[in-house]
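Novice: Below is the file model-v5.csv, which contains CSV, C-alpha atoms.
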```
chain,number,residue,atom,x,y,z
B,1425,PRO,CA,230.7,153.7,50.0
B,1426,SER,CA,230.7,157.5,50.5
B,1427,CYS,CA,229.8,159.6,53.5
B,1428,HIS,CA,230.5,163.3,53.7
B,1429,THR,CA,229.2,166.3,55.6
B,1430,THR,CA,229.0,169.9,54.4
B,1431,GLY,CA,229.4,172.8,56.7
B,1432,THR,CA,231.9,175.0,58.5
B,1433,MET,CA,232.8,172.3,61.1
B,1434,PHE,CA,232.9,169.5,58.5
B,1435,THR,CA,234.5,168.8,55.2
B,1436,LYS,CA,232.4,169.6,52.1
B,1437,ALA,CA,230.5,166.9,50.3
B,1438,LYS,CA,232.5,165.6,47.4
B,1439,GLN,CA,232.1,167.8,44.2
B,1440,ASP,CA,234.5,165.7,42.1
B,1441,PRO,CA,234.4,162.2,43.5
B,1442,ALA,CA,237.4,159.9,42.7
B,1443,GLY,CA,236.1,156.6,43.8
B,1444,LYS,CA,236.6,153.3,41.9
B,1445,ALA,CA,233.9,152.5,39.3
B,1446,GLU,CA,233.8,148.8,38.6
B,1447,ARG,CA,230.7,148.3,36.6
B,1448,LEU,CA,230.8,147.9,32.9
B,1449,ALA,CA,228.3,149.3,30.4
B,1450,ALA,CA,226.1,147.1,28.3
B,1451,ALA,CA,226.3,147.0,24.5
B,1452,ASP,CA,224.0,150.0,24.3
B,1453,GLY,CA,226.3,152.1,26.5
B,1454,LYS,CA,224.0,152.0,29.5
B,1455,ILE,CA,224.5,150.5,32.9
B,1456,TYR,CA,221.7,148.2,34.2
B,1457,PHE,CA,221.0,147.5,37.9
B,1458,SER,CA,218.9,144.7,39.3
B,1459,TYR,CA,216.5,144.8,42.3
B,1460,ALA,CA,218.8,142.5,44.3
B,1461,GLN,CA,221.9,144.7,43.6
B,1462,ILE,CA,220.0,147.8,44.6
B,1463,HIS,CA,218.7,146.2,47.8
B,1464,ARG,CA,222.2,145.2,48.8
B,1465,THR,CA,223.5,148.7,48.2
B,1466,VAL,CA,220.6,150.3,50.1
B,1467,MET,CA,221.1,147.9,53.1
B,1468,GLY,CA,224.8,149.0,53.0
B,1469,LEU,CA,223.6,152.5,53.9
B,1470,GLU,CA,221.8,151.3,57.1
B,1471,ASP,CA,224.4,151.9,59.7
B,1472,ARG,CA,225.3,155.4,58.5
B,1473,VAL,CA,221.7,156.4,58.2
B,1474,ARG,CA,220.9,154.9,61.7
B,1475,GLU,CA,223.6,157.1,63.2
B,1476,PHE,CA,221.9,160.2,61.7
B,1477,ASN,CA,218.6,158.8,63.2
B,1478,PRO,CA,216.0,160.5,60.9
B,1479,ASP,CA,212.4,161.1,62.0
B,1480,VAL,CA,211.1,160.9,58.5
B,1481,ILE,CA,212.3,160.0,54.9
B,1482,ILE,CA,211.4,162.3,52.0
B,1483,ALA,CA,211.6,160.2,48.8
B,1484,ILE,CA,212.2,162.1,45.5
B,1485,GLY,CA,210.0,160.5,42.9
B,1486,GLY,CA,210.0,158.5,41.0
B,1487,GLY,CA,213.5,157.0,41.5
B,1488,GLY,CA,213.7,157.5,45.2
B,1489,PHE,CA,210.5,155.7,46.1
B,1490,ILE,CA,211.6,152.1,46.0
B,1491,PRO,CA,215.0,152.6,47.7
B,1492,ALA,CA,213.2,154.6,50.4
B,1493,ARG,CA,210.8,151.8,51.0
B,1494,MET,CA,213.6,149.3,51.2
B,1495,LEU,CA,215.4,151.5,53.9
B,1496,ARG,CA,212.1,152.0,55.8
B,1497,THR,CA,212.0,148.3,56.5
B,1498,VAL,CA,214.9,148.6,58.8
B,1499,LEU,CA,214.5,152.2,60.0
B,1500,LYS,CA,210.8,152.0,60.8
B,1501,VAL,CA,210.1,155.7,60.1
B,1502,PRO,CA,207.4,157.2,57.8
B,1503,ILE,CA,208.0,158.2,54.2
B,1504,LEU,CA,206.8,161.4,52.5
B,1505,ALA,CA,206.9,161.8,48.7
B,1506,VAL,CA,207.9,164.7,46.5
B,1507,SER,CA,208.1,164.8,42.8
B,1508,LEU,CA,210.8,166.9,41.0
B,1509,GLU,CA,211.6,166.9,37.3
B,1510,LEU,CA,215.0,167.7,35.8
B,1511,TYR,CA,214.8,165.4,32.8
B,1512,ASP,CA,211.8,165.1,30.4
B,1513,ASP,CA,210.5,161.6,30.6
B,1514,ASN,CA,209.3,161.7,27.0
B,1515,THR,CA,212.6,162.9,25.5
B,1516,ASN,CA,215.2,162.0,28.2
B,1517,THR,CA,216.5,165.5,27.7
B,1518,LYS,CA,217.5,167.9,30.5
B,1519,ASN,CA,215.2,170.8,31.4
B,1520,GLU,CA,216.7,174.3,32.0
B,1521,ARG,CA,215.7,174.1,35.7
B,1522,VAL,CA,214.2,171.7,38.1
B,1523,LYS,CA,210.4,171.6,38.1
B,1524,LYS,CA,208.5,171.2,41.4
B,1525,VAL,CA,205.7,168.8,40.3
B,1526,GLN,CA,204.4,167.5,43.7
B,1527,TRP,CA,205.0,168.4,47.4
B,1528,PHE,CA,203.7,167.0,50.7
B,1529,ASP,CA,201.1,168.6,52.9
B,1530,GLU,CA,202.7,169.7,56.1
B,1531,THR,CA,199.4,169.7,57.9
B,1532,SER,CA,198.9,166.0,57.3
B,1533,GLY,CA,199.8,163.4,59.9
B,1534,VAL,CA,203.1,162.4,58.4
B,1535,GLY,CA,203.8,165.9,57.1
B,1536,LYS,CA,204.1,167.1,60.7
B,1537,HIS,CA,207.3,165.0,61.1
B,1538,VAL,CA,209.3,167.5,59.1
B,1539,ARG,CA,209.3,170.9,60.8
B,1540,GLY,CA,211.8,171.0,63.6
B,1541,LYS,CA,212.7,167.3,62.9
B,1542,LYS,CA,215.6,165.3,61.4
B,1543,VAL,CA,214.9,164.6,57.7
B,1544,LEU,CA,216.5,162.1,55.3
B,1545,ILE,CA,216.1,162.9,51.6
B,1546,MET,CA,216.5,159.9,49.4
B,1547,ASP,CA,217.0,159.5,45.7
B,1548,GLU,CA,218.3,156.8,43.4
B,1549,VAL,CA,221.2,158.7,41.9
B,1550,ASP,CA,223.4,161.7,42.4
B,1551,ASP,CA,224.1,162.8,38.8
B,1552,THR,CA,224.7,166.6,38.5
B,1553,ARG,CA,223.5,167.1,42.1
B,1554,THR,CA,221.1,169.8,40.8
B,1555,THR,CA,217.9,168.0,41.8
B,1556,LEU,CA,219.3,167.1,45.3
B,1557,LYS,CA,220.3,170.8,45.9
B,1558,PHE,CA,216.9,172.0,44.8
B,1559,CYS,CA,215.1,169.6,47.1
B,1560,VAL,CA,217.2,170.3,50.1
B,1561,GLU,CA,216.8,174.1,49.7
B,1562,GLU,CA,213.1,173.8,49.2
B,1563,VAL,CA,212.6,171.6,52.3
B,1564,ILE,CA,214.7,174.2,54.3
B,1565,ARG,CA,212.7,177.1,52.8
B,1566,THR,CA,209.2,175.7,53.2
B,1567,ASN,CA,209.4,173.2,56.0
B,1568,ALA,CA,212.2,174.2,58.3
B,1569,PRO,CA,213.6,170.8,59.6
B,1570,SER,CA,216.2,170.8,62.4
B,1571,GLU,CA,218.7,168.8,60.3
B,1572,ILE,CA,218.9,167.3,56.9
B,1573,ALA,CA,220.8,164.4,55.4
B,1574,VAL,CA,220.8,163.1,51.8
B,1575,ALA,CA,221.1,159.4,50.8
B,1576,VAL,CA,221.5,158.1,47.3
B,1577,VAL,CA,221.9,154.6,46.0
B,1578,HIS,CA,224.4,155.6,43.4
B,1579,ASN,CA,226.8,158.5,43.0
B,1580,LYS,CA,228.1,159.1,39.5
B,1581,LEU,CA,231.8,159.8,39.4
B,1582,LYS,CA,231.7,163.1,37.6
B,1583,LYS,CA,232.0,166.8,38.3
B,1584,LYS,CA,228.9,168.1,40.0
B,1585,GLU,CA,227.0,171.2,38.8
B,1586,ALA,CA,225.6,172.1,42.2
B,1587,GLU,CA,226.7,172.0,45.8
B,1588,LEU,CA,224.6,171.0,48.8
B,1589,PRO,CA,224.0,173.6,51.5
B,1590,LYS,CA,226.4,173.7,54.4
B,1591,GLY,CA,225.7,171.3,57.3
B,1592,VAL,CA,223.9,168.7,55.1
B,1593,LYS,CA,225.2,165.1,55.6
B,1594,TYR,CA,225.6,163.0,52.5
B,1595,PHE,CA,225.5,159.2,52.2
B,1596,ALA,CA,226.2,157.4,48.9
B,1597,GLY,CA,225.8,153.6,48.6
B,1598,GLU,CA,228.0,153.0,45.6
B,1599,ASP,CA,230.2,155.1,43.3
B,1600,VAL,CA,229.4,154.3,39.6
B,1601,PRO,CA,230.7,155.4,36.2
B,1602,PRO,CA,229.1,158.5,34.6
B,1603,LYS,CA,226.9,156.5,32.2
B,1604,TRP,CA,223.1,156.4,31.8
B,1605,ASN,CA,221.7,154.3,34.6
B,1606,CYS,CA,218.9,151.9,33.9
B,1607,TYR,CA,216.8,150.8,36.9
B,1608,PRO,CA,214.5,147.8,37.1
B,1609,TRP,CA,211.4,149.8,37.8
B,1610,ASP,CA,212.0,151.5,34.4
B,1611,ALA,CA,212.6,148.2,32.4
B,1612,ALA,CA,209.6,148.7,30.1
B,1613,ALA,CA,210.9,152.2,29.2
B,1614,TYR,CA,213.9,150.5,27.6
B,1615,LYS,CA,211.8,147.8,25.8
B,1616,HIS,CA,212.8,145.0,28.1
B,1617,ASP,CA,210.9,142.7,30.3
B,1618,ILE,CA,212.1,142.3,33.8
B,1619,ALA,CA,214.0,139.1,33.1
B,1620,GLN,CA,215.9,140.7,30.2
B,1621,HIS,CA,216.7,143.7,32.4
B,1622,GLU,CA,218.0,141.6,35.3
B,1623,GLU,CA,220.2,139.6,32.9
B,1624,LEU,CA,221.7,142.9,31.6
B,1625,ALA,CA,222.3,144.0,35.2
B,1626,ARG,CA,224.1,140.7,36.0
B,1627,ILE,CA,226.4,141.2,33.0
B,1628,CYS,CA,227.1,144.8,33.8
B,1629,ALA,CA,228.1,143.8,37.3
B,1630,GLY,CA,230.2,140.9,36.1
B,1631,GLU,CA,228.2,138.4,38.2
B,1632,PRO,CA,228.1,134.7,37.3
B,1633,GLY,CA,225.0,133.5,35.4
B,1634,PRO,CA,222.5,131.1,36.9
B,1635,MET,CA,223.0,127.4,36.5
B,1636,SER,CA,220.9,125.6,33.9
B,1637,PRO,CA,218.9,122.6,35.3
B,1638,MET,CA,221.4,120.2,33.6
B,1639,THR,CA,224.4,122.1,35.0
B,1640,CYS,CA,222.9,122.1,38.4
B,1641,ALA,CA,222.1,118.4,38.3
B,1642,ALA,CA,225.7,117.7,37.2
B,1643,ALA,CA,227.1,119.8,40.1
B,1644,VAL,CA,224.9,117.9,42.6
B,1645,ALA,CA,226.1,114.6,41.2
B,1646,CYS,CA,229.7,115.6,41.4
B,1647,ALA,CA,229.2,116.7,45.0
B,1648,ALA,CA,227.6,113.4,45.8
B,1649,LEU,CA,230.5,111.5,44.2
B,1650,ALA,CA,233.0,113.6,46.0
B,1651,GLY,CA,231.2,112.8,49.3
B,1652,CYS,CA,231.3,109.1,48.5
B,1653,ALA,CA,234.9,109.2,47.7
B,1654,VAL,CA,235.8,111.0,50.9
B,1655,GLY,CA,233.7,108.5,52.9
B,1656,ALA,CA,235.4,105.6,51.3
B,1657,TRP,CA,238.8,107.1,52.0
B,1658,PHE,CA,238.0,107.5,55.7
B,1659,SER,CA,236.6,103.9,55.8
B,1660,SER,CA,239.8,102.5,54.4
B,1661,ARG,CA,242.0,104.2,57.1
```
Show me the file's structure as structure tokens.
Specialist:
Amino acid sequence: PSCHTTGTMFTKAKQDPAGKAERLAAADGKIYFSYAQIHRTVMGLEDRVREFNPDVIIAIGGGGFIPARMLRTVLKVPILAVSLELYDDNTNTKNERVKKVQWFDETSGVGKHVRGKKVLIMDEVDDTRTTLKFCVEEVIRTNAPSEIAVAVVHNKLKKKEAELPKGVKYFAGEDVPPKWNCYPWDAAAYKHDIAQHEELARICAGEPGPMSPMTCAAAVACAALAGCAVGAWFSSR
């Protein structure tokens, strides 16, 4: 896990992370993540985010929505949504600059939790850091929070094209290889149903596969026999 703070009194957020990347790419060169894997990683951020103690979460759509909702379960703070676009969804190609598609209304009930408050910005992945930098600077420029932290589920181990402003805390749940990440909420975009996607995620993580009913029955039978054998041994003593 990664936690860094930018600013004159702190060390800068990593621009060239050197953590260990353990996941393997699937046959198509992409890395798949399951809902369970993402949930475990997000829960791993809890203690560090609690220490920051945000008043509100700003989720960057669409990848930051589900991780933010997972984190909200334990933090019990409201969520605001913004939508920024760096990659074209139709072509999966990078735009020349970040597009501001949707922003929140500061006069709304939840929107009032930003100005002069502590804000956590959440996204699913820190790739080039371009979108994160844009979002942080836009929140500072338009909504003037007292303090900002950034949390991402995954930090790609690659050179970053942007740097977060000074004083911004940074939390990453897991360092991952610089491959194309495939998330379960996008399974249909890769022509998979959710079961196929979750199986690919299991393989990428090197996790053992589920037992078949026959294998499971055999394991139960072996355990029962072992228990009988141990019981007979003690009875003979």
Novice: In Å, with one decimal, what is the gap from CA of Val1522 in chain B to CA of Trp1609 in chain B?
Specialist: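 CA of Trp1609 in chain B lies 22.1 Å from CA of Val1522 in chain B.
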Novice: Show which residues sit within 9 Å of Pro1608 in chain B, as an MDAnalysis selection string. Count all atoms listed in the file, and ignore same-chain residues fewer than 3 positions away.
Specialist: chainID B and resid 1456:1459 1611:1612 1618 1621:1622 1625
Novice: Using all atoms listed in the file, pick whichever of B:Glu1561, B:Asp1551, B:Glu1587, B:Glu1623 has the shortest atom-to-atom distance to Leu1510 in chain B.
Specialist: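 Smallest distance to Leu1510 in chain B is found for B:Asp1551.
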Novice: Using only C-alpha atoms, determine which residues lie at most 9 Å from Val1576 in chain B, disregarding the query and same-chain residues fewer than 3 positions distant; provide the list as number ranges by chain.
Specialist: B: 1466, 1469, 1488, 1491, 1545-1550, 1579, 1594-1598
Novice: Restricting the output to C-alpha atoms, write the selected residues as an mmCIF file, keeping the file's coordinate frame.
Specialist:
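Saved result, out.cif, follows:
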```cif
data_model
loop_
_atom_site.group_PDB
_atom_site.id
_atom_site.type_symbol
_atom_site.label_atom_id
_atom_site.label_comp_id
_atom_site.auth_asym_id
_atom_site.auth_seq_id
_atom_site.Cartn_x
_atom_site.Cartn_y
_atom_site.Cartn_z
ATOM 1 C CA VAL B 1466 220.600 150.300 50.100
ATOM 2 C CA LEU B 1469 223.600 152.500 53.900
ATOM 3 C CA GLY B 1488 213.700 157.500 45.200
ATOM 4 C CA PRO B 1491 215.000 152.600 47.700
ATOM 5 C CA ILE B 1545 216.100 162.900 51.600
ATOM 6 C CA MET B 1546 216.500 159.900 49.400
ATOM 7 C CA ASP B 1547 217.000 159.500 45.700
ATOM 8 C CA GLU B 1548 218.300 156.800 43.400
ATOM 9 C CA VAL B 1549 221.200 158.700 41.900
ATOM 10 C CA ASP B 1550 223.400 161.700 42.400
ATOM 11 C CA ASN B 1579 226.800 158.500 43.000
ATOM 12 C CA TYR B 1594 225.600 163.000 52.500
ATOM 13 C CA PHE B 1595 225.500 159.200 52.200
ATOM 14 C CA ALA B 1596 226.200 157.400 48.900
ATOM 15 C CA GLY B 1597 225.800 153.600 48.600
ATOM 16 C CA GLU B 1598 228.000 153.000 45.600
#
```
Novice: When distances are computed from all atoms listed in the file, which of B:Lys1518, B:Val1534, B:Pro1602, B:Ile1627 shows the smallest separation from Val1480 in chain B?
Specialist: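 The closest residue to Val1480 in chain B is B:Val1534.
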Novice: Record the distance separating CA of Val1543 in chain B and CA of Ala1575 in chain B, expressed in Å with one decimal.
Specialist: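 Here the two named atoms are 10.6 Å from each other.
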Novice: Calculate how many Å separate CA of Lys1603 in chain B from CA of Leu1448 in chain B, rounding to one decimal.
Specialist: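 So the answer is 9.5 Å.
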Novice: Check the smallest atom-to-atom distance from each of B:Ile1482, B:Val1525, B:Leu1504, B:Leu1624 to Asn1605 in chain B using only C-alpha atoms, then report the winner.
Specialist: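 Result for the nearest residue to Asn1605 in chain B: B:Leu1624.
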Novice: Would you please work out which residue, of B:Glu1475, B:Asp1617, B:Asp1529, B:Glu1520, is nearest to Ala1573 in chain B when using all atoms listed in the file?
Specialist: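 The closest residue to Ala1573 in chain B is B:Glu1475.
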Novice: Need to verify the contact set: Ile1572 in chain B, 8 Å, only C-alpha atoms, exclusion of same-chain residues closer than 2 positions in sequence. Can you return it as JSON, numbers by chain?
Specialist: {"B": [1542, 1543, 1544, 1545, 1560, 1569, 1570, 1574, 1591, 1592, 1593]}
